[in-house]
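Written below as structure tokens is the structure these notes are about.
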Amino acid sequence: MTTALQISEAASLALHSMAIVARAGHKNITAKEISHATGFSQAHLAKVLQRLTKAGLLRSERGPKGGFVLAKPADSISFLEIYETIEGPLAMPECVVDLNGKKCPFGECLLGDLPGRATEMFKDYLAGRTLASVNHA
């Protein structure tokens, strides 16, 4: 099955991991627990968690009771901030087809402004949603 909107495995893992940590409140969640809950490999997860920690979204605590906790309140971490930590700034496409940097031979995207509108809707949705919205779901 394909969908019109696809995000990378790393971005999906980041969003899901952050939601799992947010749901735990102040309890430390280990990478192993996140891996078990998401089904993603611990190796890939470790890289994503490292990026989220470096960006100041997670705090890593070592030791037998260690793990990950949010570095700031759940209501101040938007899905967009998480997504852009992994993928970089969300850009507005001129066309959905990758033409290897060349301009579209038709002068404008065959889909009109749909790619830009869809991206704007996606960006607005991510910006308007915080981890607090899934904290108690």
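Every chain in the structure tokens takes a letter, A first, then B, and so on in the order presented; its residues are numbered from 1, and the ligands are numbered from 1 following the presented order.
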Which residues are close to Leu80 in chain A, i.e. within 7 Å by only C-alpha atoms, leaving aside same-chain residues fewer than 3 positions away? Reply as a PDB file with N, CA and C atoms, in the first residue's frame.
```pdb
ATOM      1  N   TYR A  83      10.202  16.834  13.852  1.00  0.00           N
ATOM      2  CA  TYR A  83      10.381  16.478  12.446  1.00  0.00           C
ATOM      3  C   TYR A  83      11.592  17.205  11.850  1.00  0.00           C
ATOM      4  N   GLU A  84      11.673  18.513  12.079  1.00  0.00           N
ATOM      5  CA  GLU A  84      12.760  19.295  11.487  1.00  0.00           C
ATOM      6  C   GLU A  84      14.106  19.006  12.140  1.00  0.00           C
ATOM      7  N   LYS A 123       2.828  21.071   7.343  1.00  0.00           N
ATOM      8  CA  LYS A 123       3.635  21.905   8.246  1.00  0.00           C
ATOM      9  C   LYS A 123       2.761  22.530   9.330  1.00  0.00           C
ATOM     10  N   LEU A 126       1.803  19.839  11.896  1.00  0.00           N
ATOM     11  CA  LEU A 126       2.915  19.510  12.788  1.00  0.00           C
ATOM     12  C   LEU A 126       3.189  20.644  13.772  1.00  0.00           C
ATOM     13  N   ALA A 127       3.107  21.882  13.305  1.00  0.00           N
ATOM     14  CA  ALA A 127       3.369  23.039  14.158  1.00  0.00           C
ATOM     15  C   ALA A 127       2.298  23.201  15.233  1.00  0.00           C
TER      16      ALA A 127
END
```
Please provide the set of residues having any atom within 8 Å of range 16-23 of chain A, restricted to only C-alpha atoms, with same-chain residues fewer than 3 positions apart removed, written as a ChimeraX atom specification.
/A:12-13,28-29,34,38,68-70,74,131-132,134-136
Please, could you write that set of residues out with C-alpha atoms as a short mmCIF file (atom, residue, chain, number, x, y, z; two decimals), in the first residue's frame?
```cif
data_model
loop_
_atom_site.label_atom_id
_atom_site.label_comp_id
_atom_site.auth_asym_id
_atom_site.auth_seq_id
_atom_site.Cartn_x
_atom_site.Cartn_y
_atom_site.Cartn_z
CA SER A 12 8.64 8.44 12.16
CA LEU A 13 10.88 6.92 14.80
CA ASN A 28 13.01 7.34 32.44
CA ILE A 29 12.36 5.28 29.31
CA ILE A 34 11.22 2.30 22.89
CA THR A 38 7.99 0.63 18.05
CA PHE A 68 15.46 9.23 28.38
CA VAL A 69 13.18 11.98 29.61
CA LEU A 70 11.93 15.12 27.92
CA ALA A 74 5.67 18.38 26.51
CA LEU A 131 3.66 16.19 22.65
CA ALA A 132 1.13 17.20 25.31
CA VAL A 134 -0.58 12.65 22.91
CA ASN A 135 0.58 12.58 26.49
CA HIS A 136 -2.73 11.25 27.81
#
```
Compare A:Ala24, A:Leu57, A:Ala10, A:Met92 by their minimum atom-to-atom distance to Ile77 in chain A, counting only C-alpha atoms, and give me the closest one.
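Looking only at the distances to Ile77 in chain A, the closest residue turns out to be A:Leu57.
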Taking the DSSP secondary structure from the backbone, can you list the residues of range 3-136 of chain A that are strand (DSSP E or B), as an NGL selection string?
:A and (29 or 58-61 or 67-70 or 78 or 130)
Atoms to include: C-alpha atoms. Write the selected residues as an mmCIF file, in the first residue's frame.
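Output (selection-v6.cif):
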```
data_model
loop_
_atom_site.group_PDB
_atom_site.id
_atom_site.type_symbol
_atom_site.label_atom_id
_atom_site.label_comp_id
_atom_site.auth_asym_id
_atom_site.auth_seq_id
_atom_site.Cartn_x
_atom_site.Cartn_y
_atom_site.Cartn_z
ATOM 1 C CA ILE A 29 12.364 5.280 29.314
ATOM 2 C CA LEU A 58 15.587 14.774 25.232
ATOM 3 C CA ARG A 59 17.825 14.371 28.229
ATOM 4 C CA SER A 60 19.781 11.159 28.625
ATOM 5 C CA GLU A 61 20.442 9.759 32.077
ATOM 6 C CA GLY A 67 17.035 6.282 30.150
ATOM 7 C CA PHE A 68 15.463 9.227 28.385
ATOM 8 C CA VAL A 69 13.180 11.982 29.615
ATOM 9 C CA LEU A 70 11.932 15.121 27.915
ATOM 10 C CA SER A 78 5.855 20.624 18.609
ATOM 11 C CA THR A 130 2.594 19.215 20.680
#
```
Closest of A:Pro105, A:Gly128, A:Pro73, A:Pro93 to Gly56 in chain A, counting only C-alpha atoms, is A:Pro73
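All residues of range 17-57 of chain A that DSSP, run on the backbone, classes as alpha helix (DSSP H) are Ser17, Met18, Ala19, Ile20, Val21, Ala22, Arg23, Ala31, Lys32, Glu33, Ile34, Ser35, His36, Ala37, Thr38, Gln42, Ala43, His44, Leu45, Ala46, Lys47, Val48, Leu49, Gln50, Arg51, Leu52, Thr53 and Lys54 of chain A.
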Could those residues be written to a file, using N, CA and C atoms, as a PDB file, in the first residue's frame?
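Printed below is selection05.pdb as written:
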```pdb
ATOM      1  N   SER A  17       9.053   7.957  19.224  1.00  0.00           N
ATOM      2  CA  SER A  17       9.894   7.874  20.417  1.00  0.00           C
ATOM      3  C   SER A  17       9.588   9.015  21.378  1.00  0.00           C
ATOM      4  N   MET A  18       9.479  10.215  20.829  1.00  0.00           N
ATOM      5  CA  MET A  18       9.187  11.375  21.672  1.00  0.00           C
ATOM      6  C   MET A  18       7.819  11.244  22.333  1.00  0.00           C
ATOM      7  N   ALA A  19       6.839  10.704  21.611  1.00  0.00           N
ATOM      8  CA  ALA A  19       5.507  10.500  22.192  1.00  0.00           C
ATOM      9  C   ALA A  19       5.554   9.463  23.313  1.00  0.00           C
ATOM     10  N   ILE A  20       6.333   8.413  23.130  1.00  0.00           N
ATOM     11  CA  ILE A  20       6.471   7.380  24.162  1.00  0.00           C
ATOM     12  C   ILE A  20       7.126   7.972  25.410  1.00  0.00           C
ATOM     13  N   VAL A  21       8.167   8.755  25.218  1.00  0.00           N
ATOM     14  CA  VAL A  21       8.841   9.387  26.357  1.00  0.00           C
ATOM     15  C   VAL A  21       7.887  10.376  27.038  1.00  0.00           C
ATOM     16  N   ALA A  22       7.132  11.136  26.261  1.00  0.00           N
ATOM     17  CA  ALA A  22       6.184  12.100  26.841  1.00  0.00           C
ATOM     18  C   ALA A  22       5.120  11.402  27.662  1.00  0.00           C
ATOM     19  N   ARG A  23       4.613  10.289  27.171  1.00  0.00           N
ATOM     20  CA  ARG A  23       3.585   9.542  27.904  1.00  0.00           C
ATOM     21  C   ARG A  23       4.095   9.016  29.230  1.00  0.00           C
ATOM     22  N   ALA A  31      16.112   2.983  25.722  1.00  0.00           N
ATOM     23  CA  ALA A  31      16.077   2.740  24.278  1.00  0.00           C
ATOM     24  C   ALA A  31      15.491   1.367  23.989  1.00  0.00           C
ATOM     25  N   LYS A  32      15.777   0.408  24.845  1.00  0.00           N
ATOM     26  CA  LYS A  32      15.236  -0.949  24.670  1.00  0.00           C
ATOM     27  C   LYS A  32      13.710  -0.940  24.756  1.00  0.00           C
ATOM     28  N   GLU A  33      13.159  -0.176  25.688  1.00  0.00           N
ATOM     29  CA  GLU A  33      11.698  -0.077  25.821  1.00  0.00           C
ATOM     30  C   GLU A  33      11.080   0.579  24.581  1.00  0.00           C
ATOM     31  N   ILE A  34      11.726   1.619  24.092  1.00  0.00           N
ATOM     32  CA  ILE A  34      11.224   2.295  22.888  1.00  0.00           C
ATOM     33  C   ILE A  34      11.317   1.363  21.693  1.00  0.00           C
ATOM     34  N   SER A  35      12.421   0.658  21.561  1.00  0.00           N
ATOM     35  CA  SER A  35      12.605  -0.296  20.466  1.00  0.00           C
ATOM     36  C   SER A  35      11.534  -1.375  20.496  1.00  0.00           C
ATOM     37  N   HIS A  36      11.249  -1.871  21.687  1.00  0.00           N
ATOM     38  CA  HIS A  36      10.227  -2.913  21.829  1.00  0.00           C
ATOM     39  C   HIS A  36       8.843  -2.377  21.444  1.00  0.00           C
ATOM     40  N   ALA A  37       8.544  -1.155  21.870  1.00  0.00           N
ATOM     41  CA  ALA A  37       7.227  -0.563  21.592  1.00  0.00           C
ATOM     42  C   ALA A  37       7.030  -0.221  20.120  1.00  0.00           C
ATOM     43  N   THR A  38       8.106   0.175  19.440  1.00  0.00           N
ATOM     44  CA  THR A  38       7.986   0.626  18.047  1.00  0.00           C
ATOM     45  C   THR A  38       8.324  -0.452  17.022  1.00  0.00           C
ATOM     46  N   GLN A  42      17.346  -1.235  17.611  1.00  0.00           N
ATOM     47  CA  GLN A  42      18.001  -0.394  18.610  1.00  0.00           C
ATOM     48  C   GLN A  42      19.127   0.416  17.995  1.00  0.00           C
ATOM     49  N   ALA A  43      19.785  -0.111  16.969  1.00  0.00           N
ATOM     50  CA  ALA A  43      20.888   0.608  16.335  1.00  0.00           C
ATOM     51  C   ALA A  43      20.388   1.896  15.677  1.00  0.00           C
ATOM     52  N   HIS A  44      19.298   1.789  14.906  1.00  0.00           N
ATOM     53  CA  HIS A  44      18.742   2.982  14.259  1.00  0.00           C
ATOM     54  C   HIS A  44      18.164   3.921  15.309  1.00  0.00           C
ATOM     55  N   LEU A  45      17.504   3.355  16.291  1.00  0.00           N
ATOM     56  CA  LEU A  45      16.913   4.142  17.363  1.00  0.00           C
ATOM     57  C   LEU A  45      17.979   4.950  18.099  1.00  0.00           C
ATOM     58  N   ALA A  46      19.120   4.341  18.382  1.00  0.00           N
ATOM     59  CA  ALA A  46      20.190   5.024  19.109  1.00  0.00           C
ATOM     60  C   ALA A  46      20.640   6.283  18.369  1.00  0.00           C
ATOM     61  N   LYS A  47      20.745   6.206  17.058  1.00  0.00           N
ATOM     62  CA  LYS A  47      21.157   7.363  16.264  1.00  0.00           C
ATOM     63  C   LYS A  47      20.121   8.487  16.345  1.00  0.00           C
ATOM     64  N   VAL A  48      18.846   8.112  16.252  1.00  0.00           N
ATOM     65  CA  VAL A  48      17.767   9.102  16.312  1.00  0.00           C
ATOM     66  C   VAL A  48      17.709   9.740  17.700  1.00  0.00           C
ATOM     67  N   LEU A  49      17.795   8.927  18.742  1.00  0.00           N
ATOM     68  CA  LEU A  49      17.754   9.452  20.109  1.00  0.00           C
ATOM     69  C   LEU A  49      18.938  10.373  20.381  1.00  0.00           C
ATOM     70  N   GLN A  50      20.083  10.056  19.816  1.00  0.00           N
ATOM     71  CA  GLN A  50      21.263  10.903  19.969  1.00  0.00           C
ATOM     72  C   GLN A  50      21.016  12.277  19.344  1.00  0.00           C
ATOM     73  N   ARG A  51      20.400  12.305  18.168  1.00  0.00           N
ATOM     74  CA  ARG A  51      20.108  13.589  17.501  1.00  0.00           C
ATOM     75  C   ARG A  51      19.092  14.400  18.298  1.00  0.00           C
ATOM     76  N   LEU A  52      18.080  13.719  18.846  1.00  0.00           N
ATOM     77  CA  LEU A  52      17.062  14.411  19.643  1.00  0.00           C
ATOM     78  C   LEU A  52      17.665  14.966  20.937  1.00  0.00           C
ATOM     79  N   THR A  53      18.606  14.232  21.506  1.00  0.00           N
ATOM     80  CA  THR A  53      19.282  14.679  22.721  1.00  0.00           C
ATOM     81  C   THR A  53      20.185  15.870  22.416  1.00  0.00           C
ATOM     82  N   LYS A  54      20.951  15.767  21.331  1.00  0.00           N
ATOM     83  CA  LYS A  54      21.845  16.856  20.927  1.00  0.00           C
ATOM     84  C   LYS A  54      21.059  18.135  20.630  1.00  0.00           C
TER      85      LYS A  54
END
```
Gap from CA of Ala11 in chain A to CA of Cys104 in chain A - Å, one decimal:
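The value is 28.4 Å.
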From the options A:Ile7, A:Ser76, A:Met121, A:Asn100, which residue's atoms come nearest to Ser133 in chain A, counting only C-alpha atoms?
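Going through A:Ile7, A:Ser76, A:Met121, A:Asn100 one by one, the smallest distance to Ser133 in chain A is for A:Ser76.
Considering the residues A:Ala71, A:Ala91, A:Thr85, A:Glu108 and counting only C-alpha atoms, Glu120 in chain A has its shortest atom-to-atom contact with A:Ala91.
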Using only C-alpha atoms, which residue out of A:Ser8, A:Gly39, A:Phe79, A:Thr30 lies closest to Arg62 in chain A?
A:Thr30
What gap, in Å, lies between CA of Leu15 in chain A and CA of Ile82 in chain A?
6.4 Å
